[in-house]
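Notes follow the structure.
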Amino acid sequence: MMRSTIYIASLIIALLISPLMVSAQDPFSGFQNAIQDLTQDIINILNTLKESAISIGRVMAGTLIALGVILWASDIFSYKGKRLILAGIILLILMELIP
């Protein structure tokens with residue numbers, strides 16, 4: 001009877017101490033998780049900025065092309081109009097190439 005009590009007590013102690021030993025082996029796990037979360041947040045912010053820049057670039061390309069067509073067709077500044085059209089097309093191509 002005494003032996004079974006000792007075995008049960010030692011088993012309970014082992015079960016209670018084993019999680020403490022596991023967490024004691026990696027004291028920086030919370031710090032690593034915080035760094036990983038911060039890194040993921042920075043990546044999300046950069047992706048949002050990239051998507052915003054791409055959409056602004058597309059709007060600017062369309063504006064340049066439209067303004068260039070107006071200037072070229074009205075023959076006010078036909079040379080500048082052609083350059084604006086070309087710049088808008090190049091900007092549009094660049095915006096489509098960025099993944």
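Letters A, B, ... go to the chains of the structure tokens in the order shown; residues in each chain start at 1; ligands are counted from 1 in the same order.
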Name all residues at most 8 Å from Ile85 of chain A (count only C-alpha atoms; drop same-chain ones fewer than 6 positions away) and give them as number ranges by chain. A: 64-69
Taking C-alpha atoms for each residue, export the selection above as a JSON list (two decimals), in the first residue's frame.
```json
[["chain", "number", "residue", "atom", "x", "y", "z"],
["A", 64, "LEU", "CA", -1.42, 61.35, -68.62],
["A", 65, "ILE", "CA", -2.81, 59.54, -71.65],
["A", 66, "ALA", "CA", -6.08, 61.50, -71.57],
["A", 67, "LEU", "CA", -4.32, 64.85, -71.17],
["A", 68, "GLY", "CA", -1.85, 63.92, -73.90],
["A", 69, "VAL", "CA", -4.65, 63.02, -76.30]]
```
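Here atom CA of Met95 of chain A is placed at a distance of 16.4 Å from atom CA of Leu46 of chain A.
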State, in Å with one decimal place, the distance from atom CA of Gly62 of chain A to atom CA of Ile90 of chain A.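 Computing it gives 11.0 Å between the two atoms.
Separating atom CA of Glu51 of chain A from atom CA of Glu96 of chain A is a distance of 11.6 Å.
When only C-alpha atoms are used to compute distances to Ile98 of chain A, the closest of the residues A:Leu71, A:Leu84, A:Thr63, A:Ser55 turns out to be A:Ser55.
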